[in-house]
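Source file: model_22.pdb. Holds: PDB, C-alpha atoms.
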ATOM      1  CA  MET A   9      26.029   2.304 -18.130
ATOM      2  CA  ALA A  10      27.245   4.673 -15.420
ATOM      3  CA  THR A  11      30.099   6.999 -16.412
ATOM      4  CA  ASP A  12      32.716   8.969 -14.489
ATOM      5  CA  PHE A  13      30.131  11.647 -13.669
ATOM      6  CA  LYS A  14      31.250  14.298 -11.162
ATOM      7  CA  SER A  15      27.849  15.710 -10.214
ATOM      8  CA  ILE A  16      24.165  14.768 -10.327
ATOM      9  CA  PRO A  17      22.152  16.445 -13.132
ATOM     10  CA  ILE A  18      19.079  18.594 -12.379
ATOM     11  CA  ILE A  19      15.958  17.988 -14.490
ATOM     12  CA  ASP A  20      12.877  20.214 -14.413
ATOM     13  CA  VAL A  21      10.170  17.565 -14.829
ATOM     14  CA  ALA A  22       7.246  20.047 -14.755
ATOM     15  CA  PRO A  23       6.685  20.029 -18.569
ATOM     16  CA  LEU A  24       6.484  16.207 -18.521
ATOM     17  CA  LEU A  25       4.106  16.135 -15.542
ATOM     18  CA  ALA A  26       1.824  18.736 -17.142
ATOM     19  CA  LYS A  27       1.311  16.745 -20.373
ATOM     20  CA  CYS A  28       1.872  13.269 -19.046
ATOM     21  CA  ASP A  29      -1.578  11.826 -19.715
ATOM     22  CA  ASP A  30      -2.152  13.757 -22.940
ATOM     23  CA  PRO A  31      -2.447  11.315 -25.893
ATOM     24  CA  LYS A  32      -0.207  13.702 -27.881
ATOM     25  CA  MET A  33       2.463  14.036 -25.172
ATOM     26  CA  VAL A  34       5.106  12.527 -27.487
ATOM     27  CA  GLN A  35       4.818  15.488 -29.867
ATOM     28  CA  ASP A  36       5.157  18.123 -27.140
ATOM     29  CA  PRO A  37       8.563  19.926 -27.342
ATOM     30  CA  GLY A  38       8.705  20.412 -23.555
ATOM     31  CA  VAL A  39       8.069  16.723 -22.939
ATOM     32  CA  ARG A  40      10.670  15.721 -25.533
ATOM     33  CA  GLU A  41      13.312  17.865 -23.847
ATOM     34  CA  VAL A  42      12.611  16.295 -20.432
ATOM     35  CA  VAL A  43      12.677  12.800 -21.988
ATOM     36  CA  LYS A  44      16.066  13.541 -23.582
ATOM     37  CA  GLN A  45      17.466  14.713 -20.230
ATOM     38  CA  LEU A  46      16.038  11.673 -18.408
ATOM     39  CA  ASP A  47      17.675   9.365 -20.947
ATOM     40  CA  GLN A  48      21.056  11.029 -20.508
ATOM     41  CA  ALA A  49      20.831  11.025 -16.695
ATOM     42  CA  CYS A  50      19.726   7.379 -16.510
ATOM     43  CA  ARG A  51      22.500   6.263 -18.901
ATOM     44  CA  GLU A  52      25.297   8.306 -17.353
ATOM     45  CA  ALA A  53      24.569   8.451 -13.631
ATOM     46  CA  GLY A  54      21.421   6.495 -12.732
ATOM     47  CA  PHE A  55      20.654   9.520 -10.514
ATOM     48  CA  PHE A  56      19.096  12.944 -11.081
ATOM     49  CA  TYR A  57      17.432  15.759  -9.159
ATOM     50  CA  ALA A  58      13.728  16.238  -9.963
ATOM     51  CA  LYS A  59      12.776  19.900  -9.939
ATOM     52  CA  GLY A  60       9.185  21.060 -10.546
ATOM     53  CA  HIS A  61       7.635  17.844  -9.183
ATOM     54  CA  GLY A  62       4.594  19.731  -7.875
ATOM     55  CA  ILE A  63       4.415  18.340  -4.318
ATOM     56  CA  PRO A  64       4.120  21.392  -2.021
ATOM     57  CA  GLU A  65       7.361  22.229  -0.225
ATOM     58  CA  THR A  66       5.381  22.711   3.007
ATOM     59  CA  MET A  67       4.306  19.060   2.876
ATOM     60  CA  VAL A  68       7.777  17.797   1.928
ATOM     61  CA  LYS A  69       9.190  19.581   5.015
ATOM     62  CA  GLU A  70       6.350  18.521   7.307
ATOM     63  CA  VAL A  71       6.988  14.858   6.414
ATOM     64  CA  ARG A  72      10.606  15.280   7.578
ATOM     65  CA  ASN A  73       9.614  17.283  10.667
ATOM     66  CA  ILE A  74       7.063  14.749  11.907
ATOM     67  CA  THR A  75       9.638  11.981  11.304
ATOM     68  CA  HIS A  76      12.140  13.885  13.485
ATOM     69  CA  LYS A  77       9.473  14.117  16.210
ATOM     70  CA  PHE A  78       8.959  10.357  16.152
ATOM     71  CA  PHE A  79      12.677   9.577  16.381
ATOM     72  CA  ASP A  80      12.962  12.052  19.293
ATOM     73  CA  LEU A  81      10.560   9.908  21.357
ATOM     74  CA  PRO A  82      11.818   7.654  24.169
ATOM     75  CA  TYR A  83      13.009   4.292  22.960
ATOM     76  CA  GLU A  84      10.171   2.444  24.770
ATOM     77  CA  GLU A  85       7.607   4.513  22.868
ATOM     78  CA  LYS A  86       9.208   3.735  19.502
ATOM     79  CA  LEU A  87       9.257   0.007  20.313
ATOM     80  CA  LYS A  88       5.443  -0.006  20.422
ATOM     81  CA  ILE A  89       5.568  -0.377  16.625
ATOM     82  CA  LYS A  90       8.575  -2.715  16.493
ATOM     83  CA  MET A  91       9.109  -4.468  13.162
ATOM     84  CA  THR A  92       8.767  -8.256  13.157
ATOM     85  CA  PRO A  93       8.400 -10.891  10.425
ATOM     86  CA  ALA A  94       4.865 -11.514  11.771
ATOM     87  CA  ALA A  95       4.034  -7.855  11.012
ATOM     88  CA  GLY A  96       5.112  -8.321   7.378
ATOM     89  CA  TYR A  97       8.455  -6.613   8.074
ATOM     90  CA  ARG A  98       6.614  -3.362   8.754
ATOM     91  CA  GLY A  99       7.376  -1.000  11.628
ATOM     92  CA  TYR A 100      10.263   0.408  13.651
ATOM     93  CA  GLN A 101      13.791  -0.946  13.685
ATOM     94  CA  ARG A 102      16.552   0.143  16.040
ATOM     95  CA  ILE A 103      19.997   1.396  15.086
ATOM     96  CA  GLY A 104      22.045  -1.545  13.801
ATOM     97  CA  GLU A 105      19.059  -3.798  13.001
ATOM     98  CA  ASN A 106      19.216  -3.059   9.278
ATOM     99  CA  ILE A 107      21.999  -5.009   7.582
ATOM    100  CA  THR A 108      23.693  -4.142   4.284
ATOM    101  CA  LYS A 109      26.007  -6.852   2.949
ATOM    102  CA  GLY A 110      26.496  -8.311   6.425
ATOM    103  CA  VAL A 111      27.338  -5.008   8.159
ATOM    104  CA  PRO A 112      24.907  -3.272  10.567
ATOM    105  CA  ASP A 113      23.799   0.174   9.397
ATOM    106  CA  MET A 114      23.959   3.136  11.753
ATOM    107  CA  HIS A 115      20.368   4.229  11.366
ATOM    108  CA  GLU A 116      16.915   3.685  12.813
ATOM    109  CA  ALA A 117      13.829   3.540  10.619
ATOM    110  CA  ILE A 118      10.136   2.967  10.124
ATOM    111  CA  ASP A 119       9.489   0.683   7.164
ATOM    112  CA  CYS A 120       6.145   0.683   5.372
ATOM    113  CA  TYR A 121       4.881  -1.098   2.293
ATOM    114  CA  LYS A 122       1.763  -1.096   0.168
ATOM    115  CA  GLU A 123      -0.575  -3.270   2.183
ATOM    116  CA  LEU A 124      -1.210  -6.804   0.918
ATOM    117  CA  LYS A 125      -4.435  -8.551   1.878
ATOM    118  CA  GLN A 126      -4.186 -12.124   3.114
ATOM    119  CA  GLY A 127      -3.925 -14.599   0.249
ATOM    120  CA  MET A 128      -3.746 -11.837  -2.369
ATOM    121  CA  TYR A 129      -0.634 -13.270  -4.036
ATOM    122  CA  GLY A 130      -0.590 -16.750  -2.469
ATOM    123  CA  ALA A 131       2.776 -17.985  -1.199
ATOM    124  CA  LEU A 132       4.562 -15.163  -3.079
ATOM    125  CA  GLY A 133       2.883 -12.493  -0.970
ATOM    126  CA  LYS A 134       2.705 -14.272   2.393
ATOM    127  CA  PRO A 135       5.946 -12.866   3.946
ATOM    128  CA  MET A 136       4.843  -9.276   3.200
ATOM    129  CA  GLU A 137       1.198  -9.556   4.286
ATOM    130  CA  GLY A 138       0.117  -7.185   7.018
ATOM    131  CA  CYS A 139      -0.850  -3.636   7.890
ATOM    132  CA  ASN A 140       1.595  -0.790   8.291
ATOM    133  CA  GLN A 141       2.375   0.123  11.894
ATOM    134  CA  TRP A 142       1.915   3.856  12.316
ATOM    135  CA  PRO A 143       2.720   5.617  15.601
ATOM    136  CA  HIS A 144      -0.136   7.251  17.554
ATOM    137  CA  TYR A 145       2.209  10.107  18.375
ATOM    138  CA  PRO A 146       2.954  12.538  16.794
ATOM    139  CA  PRO A 147      -0.755  13.028  15.957
ATOM    140  CA  ASN A 148      -1.858  12.926  12.298
ATOM    141  CA  PHE A 149       1.228  10.864  11.397
ATOM    142  CA  LYS A 150      -0.694   8.280   9.347
ATOM    143  CA  GLU A 151      -2.891  10.862   7.619
ATOM    144  CA  LEU A 152       0.096  12.945   6.504
ATOM    145  CA  MET A 153       2.019   9.897   5.281
ATOM    146  CA  ASP A 154      -0.998   8.523   3.390
ATOM    147  CA  GLU A 155      -1.353  11.806   1.506
ATOM    148  CA  TYR A 156       2.389  12.027   0.842
ATOM    149  CA  ILE A 157       2.519   8.432  -0.444
ATOM    150  CA  SER A 158      -0.390   9.150  -2.795
ATOM    151  CA  LEU A 159       1.377  12.225  -4.224
ATOM    152  CA  CYS A 160       4.750  10.441  -4.552
ATOM    153  CA  THR A 161       3.051   7.515  -6.327
ATOM    154  CA  GLU A 162       1.514   9.855  -8.894
ATOM    155  CA  VAL A 163       4.751  11.810  -9.497
ATOM    156  CA  SER A 164       6.667   8.532  -9.896
ATOM    157  CA  ARG A 165       4.104   7.128 -12.328
ATOM    158  CA  LYS A 166       4.430  10.235 -14.485
ATOM    159  CA  ILE A 167       8.243  10.261 -14.436
ATOM    160  CA  MET A 168       8.179   6.567 -15.422
ATOM    161  CA  ARG A 169       6.050   7.487 -18.459
ATOM    162  CA  GLY A 170       8.881   9.815 -19.477
ATOM    163  CA  ILE A 171      11.482   7.098 -18.870
ATOM    164  CA  ALA A 172       9.420   4.690 -21.015
ATOM    165  CA  LEU A 173       9.656   7.192 -23.883
ATOM    166  CA  ALA A 174      13.377   7.693 -23.196
ATOM    167  CA  LEU A 175      13.914   3.955 -23.743
ATOM    168  CA  GLY A 176      12.076   4.114 -27.065
ATOM    169  CA  GLY A 177       8.874   2.482 -25.837
ATOM    170  CA  SER A 178       5.294   3.702 -25.529
ATOM    171  CA  PRO A 179       4.398   5.961 -22.559
ATOM    172  CA  ASP A 180       2.462   3.165 -20.848
ATOM    173  CA  GLU A 181       5.265   0.589 -21.076
ATOM    174  CA  PHE A 182       5.463   0.454 -17.238
ATOM    175  CA  GLU A 183       1.713   0.183 -16.663
ATOM    176  CA  GLY A 184      -0.645  -2.776 -17.150
ATOM    177  CA  GLU A 185       0.908  -6.103 -16.114
ATOM    178  CA  ARG A 186       4.262  -4.495 -15.359
ATOM    179  CA  GLY A 187       3.237  -1.600 -13.134
ATOM    180  CA  GLY A 188      -0.468  -0.784 -13.452
ATOM    181  CA  ASP A 189      -0.932  -1.751  -9.795
ATOM    182  CA  ALA A 190       2.490  -0.536  -8.695
ATOM    183  CA  PHE A 191       3.804  -1.718  -5.345
ATOM    184  CA  TRP A 192       5.572   0.840  -3.171
ATOM    185  CA  VAL A 193       7.940   0.918  -0.221
ATOM    186  CA  MET A 194       8.677   3.851   2.065
ATOM    187  CA  ARG A 195      11.465   4.101   4.611
ATOM    188  CA  LEU A 196      11.542   6.908   7.179
ATOM    189  CA  ILE A 197      15.190   6.889   8.237
ATOM    190  CA  GLY A 198      17.053   8.630  11.055
ATOM    191  CA  TYR A 199      20.847   8.874  11.019
ATOM    192  CA  PRO A 200      22.558   9.872  14.277
ATOM    193  CA  GLY A 201      25.154  12.639  14.074
ATOM    194  CA  ALA A 202      28.790  11.639  13.700
ATOM    195  CA  SER A 203      30.345  10.451  16.946
ATOM    196  CA  THR A 204      33.629  11.990  18.037
ATOM    197  CA  ALA A 205      36.419  10.189  19.831
ATOM    198  CA  ASN A 206      39.525  12.049  21.023
ATOM    199  CA  GLY A 207      38.248  15.060  19.144
ATOM    200  CA  LYS A 208      38.276  13.188  15.825
ATOM    201  CA  CYS A 209      35.255  12.326  13.745
ATOM    202  CA  THR A 210      34.825   8.553  13.459
ATOM    203  CA  SER A 211      32.019   8.634  10.910
ATOM    204  CA  GLU A 212      33.831   6.497   8.298
ATOM    205  CA  ASN A 213      33.333   3.574  10.680
ATOM    206  CA  ASP A 214      29.719   4.581  11.326
ATOM    207  CA  ILE A 215      28.238   4.103   7.880
ATOM    208  CA  GLY A 216      24.607   5.193   8.033
ATOM    209  CA  CYS A 217      23.734   2.862   5.181
ATOM    210  CA  GLY A 218      26.262   0.711   3.339
ATOM    211  CA  ALA A 219      26.754   0.686  -0.436
ATOM    212  CA  HIS A 220      23.716  -0.801  -2.175
ATOM    213  CA  THR A 221      21.415  -0.484  -5.164
ATOM    214  CA  ASP A 222      17.643  -0.065  -4.856
ATOM    215  CA  TYR A 223      15.293  -2.927  -5.742
ATOM    216  CA  GLY A 224      12.571  -1.453  -7.895
ATOM    217  CA  LEU A 225      11.947   1.130 -10.614
ATOM    218  CA  LEU A 226      12.379   4.652  -9.223
ATOM    219  CA  THR A 227      13.269   6.166  -5.837
ATOM    220  CA  LEU A 228      12.356   9.669  -4.605
ATOM    221  CA  VAL A 229      14.630  10.857  -1.780
ATOM    222  CA  ASN A 230      13.453  13.634   0.545
ATOM    223  CA  GLN A 231      16.437  14.552   2.729
ATOM    224  CA  ASP A 232      17.111  17.109   5.474
ATOM    225  CA  GLU A 233      18.508  20.377   4.204
ATOM    226  CA  ASN A 234      22.030  21.572   5.075
ATOM    227  CA  ILE A 235      23.451  18.066   5.680
ATOM    228  CA  THR A 236      25.270  16.299   2.842
ATOM    229  CA  ALA A 237      25.420  12.558   3.519
ATOM    230  CA  LEU A 238      24.217  10.716   0.399
ATOM    231  CA  GLN A 239      27.040   9.547  -1.885
ATOM    232  CA  VAL A 240      26.815   7.949  -5.332
ATOM    233  CA  ARG A 241      29.600   5.859  -6.896
ATOM    234  CA  ASN A 242      30.710   6.600 -10.442
ATOM    235  CA  GLN A 243      32.391   4.139 -12.794
ATOM    236  CA  ALA A 244      35.864   5.174 -11.634
ATOM    237  CA  GLY A 245      34.906   4.161  -8.076
ATOM    238  CA  GLU A 246      34.761   7.746  -6.771
ATOM    239  CA  TRP A 247      32.015   8.680  -4.308
ATOM    240  CA  ILE A 248      30.115  11.743  -5.590
ATOM    241  CA  SER A 249      28.013  13.710  -3.096
ATOM    242  CA  ALA A 250      24.304  14.301  -3.717
ATOM    243  CA  PRO A 251      23.662  17.296  -1.429
ATOM    244  CA  PRO A 252      20.076  18.295  -0.632
ATOM    245  CA  ILE A 253      18.658  21.051  -2.859
ATOM    246  CA  PRO A 254      15.520  22.731  -1.462
ATOM    247  CA  GLY A 255      12.398  21.957  -3.493
ATOM    248  CA  MET A 256      13.917  18.972  -5.284
ATOM    249  CA  PHE A 257      13.938  15.209  -4.830
ATOM    250  CA  VAL A 258      17.043  13.159  -5.489
ATOM    251  CA  CYS A 259      15.840  10.379  -7.815
ATOM    252  CA  ASN A 260      17.546   7.148  -8.747
ATOM    253  CA  ILE A 261      16.692   4.030 -10.694
ATOM    254  CA  GLY A 262      16.566   0.524  -9.274
ATOM    255  CA  ASP A 263      17.361  -3.088 -10.181
ATOM    256  CA  MET A 264      14.033  -3.757 -11.912
ATOM    257  CA  LEU A 265      14.525  -0.861 -14.334
ATOM    258  CA  LYS A 266      18.047  -2.102 -15.047
ATOM    259  CA  ILE A 267      16.528  -5.450 -16.116
ATOM    260  CA  LEU A 268      13.695  -3.857 -18.121
ATOM    261  CA  SER A 269      16.197  -1.627 -19.960
ATOM    262  CA  ASN A 270      18.459  -4.644 -20.664
ATOM    263  CA  GLY A 271      21.300  -2.789 -18.936
ATOM    264  CA  LEU A 272      20.973   0.451 -20.930
ATOM    265  CA  TYR A 273      20.214   2.055 -17.558
ATOM    266  CA  GLU A 274      22.255   1.107 -14.504
ATOM    267  CA  SER A 275      21.069   0.961 -10.879
ATOM    268  CA  THR A 276      23.961   2.851  -9.306
ATOM    269  CA  LEU A 277      25.616   1.986  -5.995
ATOM    270  CA  HIS A 278      25.059   4.579  -3.277
ATOM    271  CA  ARG A 279      25.618   4.893   0.472
ATOM    272  CA  VAL A 280      25.019   7.275   3.364
ATOM    273  CA  ILE A 281      27.695   8.634   5.695
ATOM    274  CA  ASN A 282      26.514  11.366   8.066
ATOM    275  CA  LYS A 283      29.684  13.291   8.928
ATOM    276  CA  SER A 284      27.656  16.112  10.479
ATOM    277  CA  PRO A 285      27.215  16.179  14.282
ATOM    278  CA  THR A 286      23.497  16.779  13.605
ATOM    279  CA  TYR A 287      20.850  14.056  13.519
ATOM    280  CA  ARG A 288      19.657  13.612   9.903
ATOM    281  CA  VAL A 289      16.303  12.440   8.564
ATOM    282  CA  CYS A 290      15.687  11.063   5.094
ATOM    283  CA  VAL A 291      12.356   9.833   3.723
ATOM    284  CA  ALA A 292      12.852   7.495   0.779
ATOM    285  CA  PHE A 293       9.881   6.512  -1.392
ATOM    286  CA  PHE A 294      10.409   3.528  -3.693
ATOM    287  CA  TYR A 295       8.108   3.100  -6.696
ATOM    288  CA  GLU A 296       8.066  -0.545  -7.764
ATOM    289  CA  PRO A 297       6.514  -2.842 -10.396
ATOM    290  CA  ASN A 298       3.336  -4.803  -9.612
ATOM    291  CA  TYR A 299       4.114  -7.164  -6.733
ATOM    292  CA  ASP A 300       3.657 -10.245  -8.933
ATOM    293  CA  ALA A 301       5.158  -8.748 -12.108
ATOM    294  CA  ALA A 302       7.482 -10.988 -14.117
ATOM    295  CA  VAL A 303      10.162  -8.489 -15.063
ATOM    296  CA  GLU A 304      12.269  -9.075 -18.185
ATOM    297  CA  PRO A 305      14.017  -6.873 -20.755
ATOM    298  CA  LEU A 306      11.705  -4.874 -23.023
ATOM    299  CA  GLU A 307      11.952  -5.930 -26.678
ATOM    300  CA  VAL A 308      12.778  -2.360 -27.728
ATOM    301  CA  CYS A 309      15.692  -2.325 -25.259
ATOM    302  CA  VAL A 310      17.001  -5.707 -26.439
ATOM    303  CA  ARG A 311      17.063  -4.350 -30.002
ATOM    304  CA  LYS A 312      18.818  -1.136 -28.896
ATOM    305  CA  SER A 313      21.502  -3.022 -26.961
ATOM    306  CA  GLY A 314      22.750  -5.504 -29.558
ATOM    307  CA  GLY A 315      19.915  -8.045 -29.743
ATOM    308  CA  THR A 316      20.917 -10.230 -26.777
ATOM    309  CA  ARG A 317      18.915 -10.517 -23.554
ATOM    310  CA  LYS A 318      21.369  -9.785 -20.753
ATOM    311  CA  PHE A 319      19.035 -10.666 -17.866
ATOM    312  CA  GLU A 320      16.802 -13.565 -16.915
ATOM    313  CA  LYS A 321      13.201 -12.974 -15.958
ATOM    314  CA  ALA A 322      12.776 -11.886 -12.308
ATOM    315  CA  VAL A 323       9.560 -11.862 -10.290
ATOM    316  CA  TYR A 324       9.543  -8.593  -8.355
ATOM    317  CA  GLY A 325       7.921 -10.017  -5.189
ATOM    318  CA  GLU A 326      10.538 -12.797  -4.990
ATOM    319  CA  HIS A 327      13.343 -10.250  -5.406
ATOM    320  CA  LEU A 328      11.871  -8.056  -2.652
ATOM    321  CA  VAL A 329      11.322 -10.909  -0.183
ATOM    322  CA  SER A 330      14.866 -12.274  -0.731
ATOM    323  CA  LYS A 331      16.273  -8.814   0.077
ATOM    324  CA  VAL A 332      13.986  -8.108   3.031
ATOM    325  CA  GLN A 333      14.634 -11.447   4.693
ATOM    326  CA  THR A 334      18.427 -10.960   4.585
ATOM    327  CA  ASN A 335      18.410  -7.252   5.431
ATOM    328  CA  PHE A 336      17.079  -7.275   8.945
ATOM    329  CA  VAL A 337      18.044  -8.600  12.356
ATOM    330  CA  THR A 338      14.799  -9.271  14.196
TER     331      THR A 338
END
What is this structure when it is put down as structure tokens?
Amino acid sequence: MATDFKSIPIIDVAPLLAKCDDPKMVQDPGVREVVKQLDQACREAGFFYAKGHGIPETMVKEVRNITHKFFDLPYEEKLKIKMTPAAGYRGYQRIGENITKGVPDMHEAIDCYKELKQGMYGALGKPMEGCNQWPHYPPNFKELMDEYISLCTEVSRKIMRGIALALGGSPDEFEGERGGDAFWVMRLIGYPGASTANGKCTSENDIGCGAHTDYGLLTLVNQDENITALQVRNQAGEWISAPPIPGMFVCNIGDMLKILSNGLYESTLHRVINKSPTYRVCVAFFYEPNYDAAVEPLEVCVRKSGGTRKFEKAVYGEHLVSKVQTNFVT
């Protein structure tokens, strides 16, 4: 359960990543220390910074830079990959087309998802079937993103093995039927700089992204340096800033992990308000369960939290589709 945290903890995950697929990882002192820190962060804040994740900083920056270049294009050019339900909700959406709790968000974005082949999951998968729409300009956009997605998927898988241990389970608790064929979502998001009226900043009315929790297991946030816009709500209702730290991802847990942990870990409310006059880019990678996974509390978590199941079973794909279909104006 989230506490009245005042800052987001930093965790060096390198020792976990190094030993992650070692059958004896549980005995490794470095791994055990990371697992202990993950447990504390997930219980107290639902957010942490991941240091030592191993994805080259040059690539992390290039992903943001190429995203800036796309959003700098003329509007007509961006509309060539416009998101529609027919495209499986993949592609570009204009400022104000994304809705959080009924209020338009002040950002533009490209949304991409793990591609689902036609008929792969029957009626459950139909709304999300389709190919990602990648822009032809800037060049090499798709190639860079494909490589980045592959690296983020692997880092997320390894961190989830640590979280499985933190909950008292086996390292592969989130593999197999739960997450062995993990779905993923990536949003490339552009937040305009704060508008000024009569010399006063009006950014409180221009919320880049309203308060929400994430849907899946684990999110990796790659945000522009030197602009603090991401805010996380603690139990007292205070908004705590999560400023960018070079070389680190901001990580947070989602609704599916909250269910799996039987509420031991909370998916924490967060929002984005860009008070800077500078345009801000954020690339959020969401690591999810298998698309058709039936997600319910782990037995070990039920035992650790008093013996009562606090959540009904949820099918991840249904949860995703219900969110996607109410989140966008098309």
Excluding same-chain residues fewer than 4 positions from Ala58 of chain A, what lies within 12 Å of it counting all atoms listed in the file, as a PyMOL selection string? chain A and resi 16-25+42+45-46+49+62-63+160+163-164+166-167+226-230+252-260
Closest to Cys50 of chain A among A:Arg279, A:Arg165, A:Arg311, A:Lys266, using only C-alpha atoms?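 Using only C-alpha atoms, Cys50 of chain A sits closest to A:Lys266.
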Output of the PyMOL selection byres ((chain A and resi 297) around 10), listed as a ChimeraX atom specification: /A:182-192,223-226,264-265,295-296,298-303,323-325
Please compute the atom CA of Asp119 of chain A-atom CA of Ile197 of chain A distance, one decimal, in Å.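 Result for atom CA of Asp119 of chain A versus atom CA of Ile197 of chain A: 8.5 Å, one decimal.
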For Pro285 of chain A, work out the shell of residues within 8 Å, counting all atoms listed in the file and skipping chain neighbours fewer than 2 positions away, then give it as a list of chain:residue names. A:Pro200, A:Gly201, A:Ala202, A:Ser203, A:Asn282, A:Lys283, A:Tyr287
For Phe293 of chain A, which residue among A:Lys69, A:Arg98, A:Lys122, A:Lys14 is the nearest when counting all atoms listed in the file?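 Checking each candidate against Phe293 of chain A, we get A:Lys122 as the closest.
Put simply, atom CA of Pro305 of chain A is 11.3 Å away from atom CA of Tyr273 of chain A.
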Which one of A:Pro64, A:Gly138, A:Gly133, A:Gly218 sits closest to His327 of chain A if you count only C-alpha atoms?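 Closest candidate: A:Gly133.
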From the set A:Ile267, A:Met136, A:Leu124, A:Val111, which residue has the shortest atom-to-atom contact distance to Tyr97 of chain A, counting only C-alpha atoms? A:Met136
Tell me which residues the PyMOL selection byres ((chain A and resi 234-248) around 8) grabs here, as a VMD selection string. chain A and resid 10 to 15 53 232 to 233 249 to 252 276 to 284 288
Restricting it to C-alpha atoms, dump the selection as an mmCIF file, in the coordinates of the input.
data_model
loop_
_atom_site.group_PDB
_atom_site.id
_atom_site.type_symbol
_atom_site.label_atom_id
_atom_site.label_comp_id
_atom_site.auth_asym_id
_atom_site.auth_seq_id
_atom_site.Cartn_x
_atom_site.Cartn_y
_atom_site.Cartn_z
ATOM 1 C CA ALA A 10 27.245 4.673 -15.420
ATOM 2 C CA THR A 11 30.099 6.999 -16.412
ATOM 3 C CA ASP A 12 32.716 8.969 -14.489
ATOM 4 C CA PHE A 13 30.131 11.647 -13.669
ATOM 5 C CA LYS A 14 31.250 14.298 -11.162
ATOM 6 C CA SER A 15 27.849 15.710 -10.214
ATOM 7 C CA ALA A 53 24.569 8.451 -13.631
ATOM 8 C CA ASP A 232 17.111 17.109 5.474
ATOM 9 C CA GLU A 233 18.508 20.377 4.204
ATOM 10 C CA SER A 249 28.013 13.710 -3.096
ATOM 11 C CA ALA A 250 24.304 14.301 -3.717
ATOM 12 C CA PRO A 251 23.662 17.296 -1.429
ATOM 13 C CA PRO A 252 20.076 18.295 -0.632
ATOM 14 C CA THR A 276 23.961 2.851 -9.306
ATOM 15 C CA LEU A 277 25.616 1.986 -5.995
ATOM 16 C CA HIS A 278 25.059 4.579 -3.277
ATOM 17 C CA ARG A 279 25.618 4.893 0.472
ATOM 18 C CA VAL A 280 25.019 7.275 3.364
ATOM 19 C CA ILE A 281 27.695 8.634 5.695
ATOM 20 C CA ASN A 282 26.514 11.366 8.066
ATOM 21 C CA LYS A 283 29.684 13.291 8.928
ATOM 22 C CA SER A 284 27.656 16.112 10.479
ATOM 23 C CA ARG A 288 19.657 13.612 9.903
#
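Taking atom CA of Ile103 of chain A and atom CA of Gly54 of chain A as the two end points, the separation is 28.3 Å.
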